[in-house]
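Trainee: Once you've had a glance at the structure underneath, I'll fire off some questions.
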There are 2 protein chains.
Amino acid sequence: MQTRPSLTPLVGALPEMVPFVGPEAQERSRGKPFRARLGANESSFGPSPRVVERMAKVAGDMWMYCDPDNHDLKEAAAAHLGVSPENIVIGEGIDGVLALVARMYVAPGDAVVTSLGAYPTFNFHIAGVGGRLLTVPYRDDREDLDGLLEAVRREKAPLVYLSNPDNPMGSWWEAGEVQDFIEALPPTTMLVLDEAYGELGPASALPAIDVARPNVIRTRTFSKAYGLAGIRCGFAVADRRAIRDFEKIRNHYGVSRMAQIAGIEALADQAWLRSVVERVAAGRMRISAIATQNGLKPLPSATNFVTVDCGHDGAFALKVLEGLIARDVFVRKPMAPVLDRCIRISVGLDHELDILAEELPKALAAARGG
Amino acid sequence: MQTRPSLTPLVGALPEMVPFVGPEAQERSRGKPFRARLGANESSFGPSPRVVERMAKVAGDMWMYCDPDNHDLKEAAAAHLGVSPENIVIGEGIDGVLALVARMYVAPGDAVVTSLGAYPTFNFHIAGVGGRLLTVPYRDDREDLDGLLEAVRREKAPLVYLSNPDNPMGSWWEAGEVQDFIEALPPTTMLVLDEAYGELGPASALPAIDVARPNVIRTRTFSKAYGLAGIRCGFAVADRRAIRDFEKIRNHYGVSRMAQIAGIEALADQAWLRSVVERVAAGRMRISAIATQNGLKPLPSATNFVTVDCGHDGAFALKVLEGLIARDVFVRKPMAPVLDRCIRISVGLDHELDILAEELPKALAAARGG
């Protein structure tokens with residue numbers, strides 16, 4: 001074997017697999033594009049036309065580095081949420097924030113608690129710092145707050161992850177229940193409360209923001225309701241000291257100038273946001289109706305997707321998924337036990353849902369026959 | 001003291017200071033904009049008009065996530081350099097690559113070698129993983145290859161950083177000398193050969209790319225000659241196994257869709273690149289002439305900036321810098337001993353260099369009188 005530089009023991013022990021397969025990779029291996037892009041919980045309605053216009057206008061300015069302080073975007077996000085800019089840190093999407101949170105709070109061997117089948121990118125970043133991931137099964141298709149709390153206490157976990165509304169099930173807890181969970185946490189445990197879908201569900205699911213509390217980091221994104229998944233911009237809201245600690249390790253020039261400008265403009269067009277939220281709600285109803293017409297059970301959703309119970313086991317749901325993909329419909333599915341009986345369908349444009357309506361019966365028939 | 005979550009011992013020990021101050025922050029504290037932006041080694045000539053047009057055209061597509069494989073951009077970069085896409089990893093600028101390299105090769109306490117006064121972002125990321133930074137002084141305003149090698153051997157360092165052409169001095173080594181350095185390195189030491197300014201200097205400074213060598217990671221960027229600093233896109237070229245190892249920890253959705261598209265288009269317009277390189281060379285001559293006319297000594301440069309020896313100590317050069325900033329000319333300066341006698345002036349547009357020509361004598365007079 002060739003002598004070569006060694007990875008650190010921590011990184012050397014990580015698996016070599018590539019954890020994320022995007023629709024583009026699937027299109028490359030299929031050799032043809034999807035006709036309906038309903039798998040990545042993107043917003044097919046796009047960003048606000050104001051945002052598009054602004055991005056086009058500033059394209060020529062991209063020779064300048066981004067402001068490493070993200071000053072103007074922090075001001076805008078803070079004003080939007082009624083907090084101080086000192087309570088905000090901007091990241092390359094929520095993913096960028098999660099990577100930093102893992103490094104900040106998780107030393108090798110530390111226990112980290114999440115739900116079995118919840119956001120895989122969080123798990124990826126925990127593995128990347130040598131954290132010991134403890135997964136609590138969902139209960140009735142919702143993240144199990146009591147179970148998470150019990151695991152946190154038992155393991156003295158420094159970090160716990162909760163998404164509300166939830167991905168991949170679309171379920172949610174009301175604010176009071178989340179607040180009770182927060183208050184029951186040990187003060188030495190940091191909660192990442194991922195509200196990527198926060199704008200898309202009932203306002204009653206979002207607890208009041210309390211930036212005096214030192215052990216909650218809430219994350220928001222421009223990738224979902226704001227329709228800017230491709231620009232990579234999200235942020236975290238927390239108490240000032242937690243926010244200041246991000247400065248120690250974040251990639252200060254990580255969030256592009258384009259992302260910062262797009263984010264500011266997106267926040268400024270709340271009318272667009274409201275119109276998207278309405279269209280997403282209509283799309284959820286349409287997907288639910290299509291599922292029901294096919295004898296499947298759509299789960300309630302506070303997000304921009306509907307998780308559909310295919311009524312059998314994971315193997316069957318996988319066949320349905322494969323059938324849809326074979327028919328050029330990009331969807332995804334939960335892979336963890338019990339949840340894996342479902343497929344997950346993002347709201348798309350009308351013509352995409354027409355394709356879904358047309359192809360789902362065929363995919364089901366093939367799954368039943370195969 | 002309030003009970004709160006603890007940072008890891010590693011992150012908890014890092015300083016709280018904010019390491020990077022952009023021109024925007026200076027403008028905010030000054031309360032007025034700069035008239036000449038000559039401090040960040042950006043390309044005032046901007047990206048190719050083709051790139052600008054393309055970015056404007058695809059702005060509406062930003063609702064889609066980026067391809068986590070960066071497939072098309074890797075193909076383009078590989079074709080451009082005559083390597084395989086498997087030899088390329090894309091990052092959020094070279095900074096993003098450096099953050100990963102630090103995590104991959106540096107365990108807490110490991111020695112890492114760089115030059116005293118070289119790229120501070122590298123040092124920042126080494127500190128972030130608990131590396132022990134060893135700095136070798138420049139010799140005759142160039143990175144001291146023998147000194148770096150000696151430090152690597154003495155400390156059995158797993159990682160060494162070399163920029164060629166160099167920032168902040170603008171100096172460079174010819175390919176043969178760099179190649180000798182590479183071959184003399186222990187095979188267990190990884191070299192980051194940062195070629196951010198590679199397109200701007202003599203081609204004779206760039207060794208042939210050898211992706212069979214397992215201990216060299218070369219970095220390139222769209223931030224300098226390609227005029228896309230604000231879009232955050234750079235890449236590394238290395239042997240396949242080293243590239244594959246990035247997959248274990250990189251933020252797979254970190255490089256925006258916009259950045260990937262802009263990068264592809266930028267590579268496709270090599271005529272624009274050549275025109276920029278010519279204009280940068282002319283700008284260097286102009287800055288050198290202005291410096292000489294003011295009795296200062298411009299150093300030879302293979303980059304898009306000229307480092308100017310102010311002829312006295314660091315305190316004097318700092319006064320010159322402050323005098324320029326007070327006169328609305330954004331420049332920077334090296335801060336490490338010996339190098340700190342200089343200021344660093346990026347090539348800008350003609351009207352910006354006119355302002356420099358007008359204000360430099362006044363800044364010098366003030367520095368001498370003050």
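Residues are named by chain letter and number: chains run A, B, ... in the order of the structure tokens, numbers start at 1 in each chain, and ligands are numbered from 1 in the order shown.
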For the structure I just gave you, how does DSSP split stretch 146-213 of chain A - specifically, which residues are strand (DSSP E or B)? Reply as a PDB file with N, CA, C and O atoms, in the first residue's frame.

Mentor:
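The resulting states36.pdb:
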ATOM      1  N   LEU A 159     -26.945  17.650  23.240  1.00  0.00           N
ATOM      2  CA  LEU A 159     -27.643  18.183  22.059  1.00  0.00           C
ATOM      3  C   LEU A 159     -28.814  17.282  21.689  1.00  0.00           C
ATOM      4  O   LEU A 159     -28.698  16.051  21.718  1.00  0.00           O
ATOM      5  N   VAL A 160     -29.934  17.913  21.361  1.00  0.00           N
ATOM      6  CA  VAL A 160     -31.108  17.172  20.885  1.00  0.00           C
ATOM      7  C   VAL A 160     -31.706  17.922  19.706  1.00  0.00           C
ATOM      8  O   VAL A 160     -31.672  19.157  19.669  1.00  0.00           O
ATOM      9  N   TYR A 161     -32.206  17.153  18.752  1.00  0.00           N
ATOM     10  CA  TYR A 161     -32.782  17.737  17.532  1.00  0.00           C
ATOM     11  C   TYR A 161     -34.280  17.465  17.481  1.00  0.00           C
ATOM     12  O   TYR A 161     -34.729  16.334  17.713  1.00  0.00           O
ATOM     13  N   LEU A 162     -35.030  18.509  17.192  1.00  0.00           N
ATOM     14  CA  LEU A 162     -36.475  18.357  16.987  1.00  0.00           C
ATOM     15  C   LEU A 162     -36.868  19.227  15.809  1.00  0.00           C
ATOM     16  O   LEU A 162     -36.521  20.412  15.765  1.00  0.00           O
ATOM     17  N   SER A 163     -37.581  18.664  14.845  1.00  0.00           N
ATOM     18  CA  SER A 163     -38.105  19.503  13.773  1.00  0.00           C
ATOM     19  C   SER A 163     -39.606  19.649  13.972  1.00  0.00           C
ATOM     20  O   SER A 163     -40.308  18.681  14.267  1.00  0.00           O
ATOM     21  N   MET A 190     -28.549  21.541  24.714  1.00  0.00           N
ATOM     22  CA  MET A 190     -28.949  22.470  23.668  1.00  0.00           C
ATOM     23  C   MET A 190     -29.973  21.786  22.770  1.00  0.00           C
ATOM     24  O   MET A 190     -29.759  20.662  22.315  1.00  0.00           O
ATOM     25  N   LEU A 191     -31.072  22.476  22.525  1.00  0.00           N
ATOM     26  CA  LEU A 191     -32.076  22.005  21.575  1.00  0.00           C
ATOM     27  C   LEU A 191     -31.904  22.725  20.249  1.00  0.00           C
ATOM     28  O   LEU A 191     -31.863  23.954  20.209  1.00  0.00           O
ATOM     29  N   VAL A 192     -31.787  21.957  19.170  1.00  0.00           N
ATOM     30  CA  VAL A 192     -31.962  22.540  17.840  1.00  0.00           C
ATOM     31  C   VAL A 192     -33.418  22.322  17.456  1.00  0.00           C
ATOM     32  O   VAL A 192     -33.848  21.181  17.262  1.00  0.00           O
ATOM     33  N   LEU A 193     -34.149  23.415  17.410  1.00  0.00           N
ATOM     34  CA  LEU A 193     -35.551  23.361  17.014  1.00  0.00           C
ATOM     35  C   LEU A 193     -35.608  23.813  15.553  1.00  0.00           C
ATOM     36  O   LEU A 193     -35.507  25.003  15.246  1.00  0.00           O
ATOM     37  N   ASP A 194     -35.716  22.834  14.677  1.00  0.00           N
ATOM     38  CA  ASP A 194     -35.630  23.095  13.236  1.00  0.00           C
ATOM     39  C   ASP A 194     -37.017  23.457  12.714  1.00  0.00           C
ATOM     40  O   ASP A 194     -37.909  22.608  12.648  1.00  0.00           O
TER      41      ASP A 194
END

Trainee: Within 6 Å of chain B, which residues of chain A show up? Give each one with its shortest atom-to-atom distance in Å (one decimal) and the two atoms involved, counting only C-alpha atoms, rows by chain then rising residue number, as CSV.

Mentor:
residue,atom,partner,partner_atom,distance
A:Arg4,CA,B:Thr188,CA,4.8
A:Pro5,CA,B:Thr188,CA,3.9
A:Leu7,CA,B:Tyr105,CA,4.9
A:Thr8,CA,B:Tyr105,CA,5.3
A:Val11,CA,B:Met104,CA,6.0
A:Ser43,CA,B:Trp63,CA,5.8
A:Gly46,CA,B:Trp63,CA,4.9
A:Val52,CA,B:Ala59,CA,5.4
A:Ala56,CA,B:Ala56,CA,3.9
A:Ala59,CA,B:Val52,CA,5.4
A:Gly60,CA,B:Val52,CA,5.4
A:Met62,CA,B:Gly230,CA,4.5
A:Trp63,CA,B:Leu228,CA,4.5
A:Met64,CA,B:Gly230,CA,5.1
A:Tyr65,CA,B:Gly230,CA,4.1
A:Cys66,CA,B:Gly230,CA,5.0
A:Met104,CA,B:Leu7,CA,5.4
A:Tyr105,CA,B:Leu7,CA,4.9
A:Ala107,CA,B:Thr8,CA,5.6
A:Gly128,CA,B:Ile249,CA,5.7
A:Pro187,CA,B:Arg4,CA,5.3
A:Thr188,CA,B:Pro5,CA,3.9
A:Thr189,CA,B:Pro5,CA,5.4
A:Met190,CA,B:Pro5,CA,5.7
A:Pro214,CA,B:Arg4,CA,5.9
A:Gly227,CA,B:Trp63,CA,4.6
A:Leu228,CA,B:Trp63,CA,4.5
A:Ala229,CA,B:Tyr65,CA,4.7
A:Gly230,CA,B:Tyr65,CA,4.1
A:Ile231,CA,B:Ser256,CA,5.0
A:Arg232,CA,B:Ser256,CA,5.6
A:Ile249,CA,B:Gly128,CA,5.7
A:Ser256,CA,B:Ile231,CA,5.0
A:Arg257,CA,B:Gly230,CA,4.9

Trainee: Take the residues from that selection and put them in a file with N, CA, C and O atoms, as a CSV table (one decimal), in the first residue's frame.

Mentor:
chain,number,residue,atom,x,y,z
A,4,ARG,N,0.8,7.4,2.4
A,4,ARG,CA,0.1,8.6,2.1
A,4,ARG,C,-0.3,9.3,3.4
A,4,ARG,O,-0.3,8.7,4.5
A,5,PRO,N,-0.7,10.5,3.4
A,5,PRO,CA,-1.2,11.2,4.6
A,5,PRO,C,-2.4,10.5,5.2
A,5,PRO,O,-3.2,9.9,4.5
A,7,LEU,N,-5.8,10.3,7.4
A,7,LEU,CA,-6.9,11.1,7.9
A,7,LEU,C,-6.8,11.1,9.5
A,7,LEU,O,-6.2,10.1,10.0
A,8,THR,N,-7.5,12.0,10.1
A,8,THR,CA,-7.5,11.9,11.6
A,8,THR,C,-8.3,10.6,11.9
A,8,THR,O,-9.1,10.1,11.1
A,11,VAL,N,-12.1,11.1,11.3
A,11,VAL,CA,-12.6,11.2,9.9
A,11,VAL,C,-12.3,9.8,9.3
A,11,VAL,O,-13.1,9.3,8.5
A,43,SER,N,-40.0,24.5,-3.4
A,43,SER,CA,-41.2,25.3,-3.7
A,43,SER,C,-41.2,25.5,-5.2
A,43,SER,O,-40.6,26.4,-5.8
A,46,GLY,N,-41.5,28.9,-6.8
A,46,GLY,CA,-40.4,29.7,-7.0
A,46,GLY,C,-40.3,30.8,-6.0
A,46,GLY,O,-41.2,31.0,-5.2
A,52,VAL,N,-36.4,37.5,-7.9
A,52,VAL,CA,-35.8,37.1,-9.2
A,52,VAL,C,-35.2,38.3,-9.9
A,52,VAL,O,-34.1,38.3,-10.4
A,56,ALA,N,-31.2,39.1,-10.7
A,56,ALA,CA,-30.7,39.4,-12.0
A,56,ALA,C,-30.0,40.7,-12.1
A,56,ALA,O,-29.0,40.8,-12.7
A,59,ALA,N,-26.4,40.5,-10.5
A,59,ALA,CA,-25.5,39.5,-10.9
A,59,ALA,C,-24.1,40.0,-11.2
A,59,ALA,O,-23.1,39.4,-10.9
A,60,GLY,N,-24.1,41.2,-11.9
A,60,GLY,CA,-22.8,41.8,-12.2
A,60,GLY,C,-21.9,42.3,-11.0
A,60,GLY,O,-20.8,42.6,-11.2
A,62,MET,N,-21.2,40.4,-8.5
A,62,MET,CA,-20.7,39.3,-7.8
A,62,MET,C,-19.2,39.2,-7.8
A,62,MET,O,-18.6,38.3,-7.2
A,63,TRP,N,-18.5,40.2,-8.4
A,63,TRP,CA,-17.0,40.3,-8.2
A,63,TRP,C,-16.6,40.7,-6.8
A,63,TRP,O,-15.5,40.4,-6.4
A,64,MET,N,-17.6,41.3,-6.1
A,64,MET,CA,-17.3,41.7,-4.7
A,64,MET,C,-17.5,40.5,-3.7
A,64,MET,O,-18.5,39.8,-3.8
A,65,TYR,N,-16.6,40.4,-2.8
A,65,TYR,CA,-16.9,39.4,-1.8
A,65,TYR,C,-18.2,39.7,-1.0
A,65,TYR,O,-18.6,40.9,-1.0
A,66,CYS,N,-18.7,38.7,-0.4
A,66,CYS,CA,-19.9,38.9,0.4
A,66,CYS,C,-19.4,39.6,1.7
A,66,CYS,O,-18.3,39.5,2.1
A,104,MET,N,-19.8,22.6,17.7
A,104,MET,CA,-19.8,23.4,18.9
A,104,MET,C,-20.2,22.7,20.1
A,104,MET,O,-19.6,22.9,21.2
A,105,TYR,N,-21.1,21.7,20.0
A,105,TYR,CA,-21.7,21.1,21.2
A,105,TYR,C,-21.4,19.6,21.4
A,105,TYR,O,-21.6,19.1,22.5
A,107,ALA,N,-18.6,16.7,21.4
A,107,ALA,CA,-17.2,16.1,21.4
A,107,ALA,C,-17.3,14.6,21.1
A,107,ALA,O,-18.4,14.0,21.2
A,128,GLY,N,-19.9,13.2,11.8
A,128,GLY,CA,-18.7,13.9,11.3
A,128,GLY,C,-17.9,14.4,12.5
A,128,GLY,O,-16.7,14.7,12.3
A,187,PRO,N,-31.0,22.3,31.5
A,187,PRO,CA,-30.5,23.5,31.0
A,187,PRO,C,-29.1,23.4,30.3
A,187,PRO,O,-28.7,24.3,29.6
A,188,THR,N,-28.5,22.2,30.5
A,188,THR,CA,-27.2,22.0,29.9
A,188,THR,C,-27.3,21.3,28.5
A,188,THR,O,-26.3,21.0,27.9
A,189,THR,N,-28.6,21.0,28.1
A,189,THR,CA,-28.8,20.4,26.8
A,189,THR,C,-29.2,21.5,25.8
A,189,THR,O,-30.2,22.2,26.1
A,190,MET,N,-28.5,21.5,24.7
A,190,MET,CA,-28.9,22.5,23.7
A,190,MET,C,-30.0,21.8,22.8
A,190,MET,O,-29.8,20.7,22.3
A,214,PRO,N,-31.1,30.2,27.1
A,214,PRO,CA,-29.7,29.9,26.5
A,214,PRO,C,-29.6,28.5,25.9
A,214,PRO,O,-28.6,28.2,25.3
A,227,GLY,N,-38.8,29.7,-1.4
A,227,GLY,CA,-38.5,29.3,-2.7
A,227,GLY,C,-37.1,29.5,-3.2
A,227,GLY,O,-36.8,29.7,-4.4
A,228,LEU,N,-36.1,29.4,-2.3
A,228,LEU,CA,-34.7,29.7,-2.6
A,228,LEU,C,-33.8,28.6,-2.2
A,228,LEU,O,-32.6,28.8,-1.8
A,229,ALA,N,-34.2,27.3,-2.4
A,229,ALA,CA,-33.4,26.2,-2.0
A,229,ALA,C,-32.0,26.2,-2.7
A,229,ALA,O,-31.0,25.9,-2.0
A,230,GLY,N,-32.0,26.7,-3.9
A,230,GLY,CA,-30.7,26.6,-4.7
A,230,GLY,C,-29.7,27.7,-4.3
A,230,GLY,O,-28.6,27.7,-4.7
A,231,ILE,N,-30.2,28.7,-3.5
A,231,ILE,CA,-29.3,29.8,-3.2
A,231,ILE,C,-28.5,29.6,-1.9
A,231,ILE,O,-27.5,30.2,-1.6
A,232,ARG,N,-28.9,28.6,-1.1
A,232,ARG,CA,-28.2,28.2,0.1
A,232,ARG,C,-28.2,29.3,1.1
A,232,ARG,O,-27.1,30.0,1.3
A,249,ILE,N,-16.0,29.5,14.8
A,249,ILE,CA,-15.7,28.4,13.8
A,249,ILE,C,-16.4,28.5,12.4
A,249,ILE,O,-16.1,27.8,11.5
A,256,SER,N,-23.0,33.4,0.2
A,256,SER,CA,-22.7,34.3,-0.9
A,256,SER,C,-23.4,35.6,-0.9
A,256,SER,O,-24.4,35.8,-0.2
A,257,ARG,N,-22.8,36.6,-1.6
A,257,ARG,CA,-23.4,37.9,-1.7
A,257,ARG,C,-24.8,37.8,-2.3
A,257,ARG,O,-25.8,38.4,-1.9

Trainee: Could you give me, as a count of residues only, the residues within 12 Å of stretch 280-292 of chain B, counting only C-alpha atoms and dropping anything in the same chain fewer than 5 positions from it?

Mentor: 56

Trainee: Could you give me, as a list in words, the residues within 8 Å of A:Ala366, counting only C-alpha atoms and dropping anything in the same chain fewer than 6 positions from it?

Mentor: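 In the requested format, the answer is Lys319, Val320 and Gly323 of chain A.
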
Trainee: What is the atom CA of B:Ala336 to atom CA of B:Asn123 distance in Å?

Mentor: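 Atom CA of B:Asn123 lies at a distance of 13.3 Å from atom CA of B:Ala336.
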